[in-house]
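Asker: Take this structure first; my questions come after.
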Amino acid sequence: MRRVNLALVALVAVSATALLSLASCSNEGEPGGCFREHEGTCVQYGRPQGAAGKRMCDKNKWIAGEKACPMEKRLGSCTYKGDKAPEFLYGGAPNNYTSSSARNHCDFAGGFFEPTPSGSSSAK
């Protein structure tokens, strides 16, 4: 009987330790943006997606902060159904997007395009 009780105590202790480590583990990270200069895009991640966003950014430029994606030359944002991380589209090289072609790109990819309000960017 004593062996069963000791085994039960050991099992409870291991289970409690596992639960505590899971509770302290978080997928959240710092908010930031992944600037993909070669595409002329930047994806803004909030705290809940921050850790995953930073990992996925890989060889691109990670910029830490709540509103990290640059405003300069920003034409608008593209939000995809069910995705909480907006993708910002920029004018200039390499893709030379205009507001119209940025909207077309977003629409073709199945997203919702929202233009940057006039005066909010220096895209001309």
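Residues are referred to by chain and number: the chain letter is A, B, ... according to the order shown in the structure tokens, the number counts from 1 in that chain, and ligands are numbered separately from 1 in the order shown.
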Write out as a short mmCIF file (atom, residue, chain, number, x, y, z; two decimals) with C-alpha atoms, in the first residue's frame the residues lying within 8 Å of Ala68 of chain A, counting only C-alpha atoms and excluding same-chain residues fewer than 4 positions away.

Answerer:
data_model
loop_
_atom_site.label_atom_id
_atom_site.label_comp_id
_atom_site.auth_asym_id
_atom_site.auth_seq_id
_atom_site.Cartn_x
_atom_site.Cartn_y
_atom_site.Cartn_z
CA GLY A 32 6.96 44.94 -33.52
CA GLY A 33 7.04 45.02 -37.27
CA GLN A 44 2.80 44.81 -37.70
CA ILE A 63 11.63 46.68 -35.70
CA ALA A 64 10.51 46.57 -32.06
#

Asker: Can you list, as a list in words, every protein, DNA or RNA residue that comes within 9 Å of segment 49-51 of chain A when you count only C-alpha atoms, leaving out same-chain residues fewer than 3 positions away?

Answerer: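 In the requested form, the answer reads Asn27, Glu28, Gly29, Glu30, Pro31, Gly32, Gly33, Gln44, Tyr45, Gly46, Lys54, Arg55, Met56, Lys84 and Ala85 of chain A.
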
Asker: Enumerate as an MDAnalysis selection string all residues of segment 26-109 of chain A assigned to strand (DSSP E) by DSSP on the backbone, naming them with the chain letters and numbers the document uses.

Answerer: chainID A and resid 32:36 41:45 61:64 74:80 87:90

Asker: Could you check how far atom CA of Gly53 of chain A sits from atom CA of Ser118 of chain A, in Å to one decimal?

Answerer: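 Atom-to-atom, atom CA of Gly53 of chain A and atom CA of Ser118 of chain A are spaced 28.7 Å apart.
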
Asker: I'd like the neighbourhood of segment 110-117 of chain A as number ranges by chain, where a residue qualifies if any of its atoms comes within 6 Å (using only C-alpha atoms), though same-chain residues fewer than 3 positions away should be ignored.

Answerer: A: 75-80, 103, 106-107, 120

Asker: Set the distance at 12 Å and use only C-alpha atoms: which residues neighbour Asn96 of chain A once local chain neighbours fewer than 6 positions away are removed? I'd like the list as number ranges by chain.

Answerer: A: 38-41, 73-75, 89-90, 102, 105, 123-124

Asker: Create the file for the chosen residues now, containing C-alpha atoms and written as a PDB file, in the first residue's frame.

Answerer:
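Resulting contents of part14.pdb:
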ATOM      1  CA  HIS A  38      12.611  43.573 -50.946  1.00  0.00           C
ATOM      2  CA  GLU A  39       8.788  43.390 -51.125  1.00  0.00           C
ATOM      3  CA  GLY A  40       7.954  46.922 -50.009  1.00  0.00           C
ATOM      4  CA  THR A  41       5.835  45.575 -47.142  1.00  0.00           C
ATOM      5  CA  LYS A  73       5.914  56.097 -48.305  1.00  0.00           C
ATOM      6  CA  ARG A  74       3.112  54.028 -46.714  1.00  0.00           C
ATOM      7  CA  LEU A  75       0.210  53.703 -49.140  1.00  0.00           C
ATOM      8  CA  LEU A  89       2.270  48.408 -48.478  1.00  0.00           C
ATOM      9  CA  TYR A  90       4.792  51.056 -49.551  1.00  0.00           C
ATOM     10  CA  ALA A 102      -1.366  48.428 -53.825  1.00  0.00           C
ATOM     11  CA  HIS A 105      -2.375  43.579 -54.904  1.00  0.00           C
ATOM     12  CA  ALA A 123       4.359  58.845 -50.429  1.00  0.00           C
ATOM     13  CA  LYS A 124       4.043  61.034 -53.487  1.00  0.00           C
TER      14      LYS A 124
END

Asker: Fewer than 6 positions away in the same chain doesn't count, so skip those; otherwise give me all residues within 7 Å of Arg36 of chain A, counting only C-alpha atoms, as a PyMOL selection string.

Answerer: chain A and resi 42+60-61

Asker: Would you export the selected residues with N, CA and C atoms as a short mmCIF file (atom, residue, chain, number, x, y, z; two decimals), in the first residue's frame, please?

Answerer:
data_model
loop_
_atom_site.label_atom_id
_atom_site.label_comp_id
_atom_site.auth_asym_id
_atom_site.auth_seq_id
_atom_site.Cartn_x
_atom_site.Cartn_y
_atom_site.Cartn_z
N CYS A 42 5.48 45.71 -44.77
CA CYS A 42 5.81 45.57 -43.36
C CYS A 42 4.59 45.01 -42.65
N ASN A 60 14.60 39.17 -42.53
CA ASN A 60 14.12 40.52 -42.78
C ASN A 60 14.41 41.39 -41.57
N LYS A 61 14.07 42.66 -41.64
CA LYS A 61 14.38 43.60 -40.56
C LYS A 61 13.25 43.64 -39.54
#
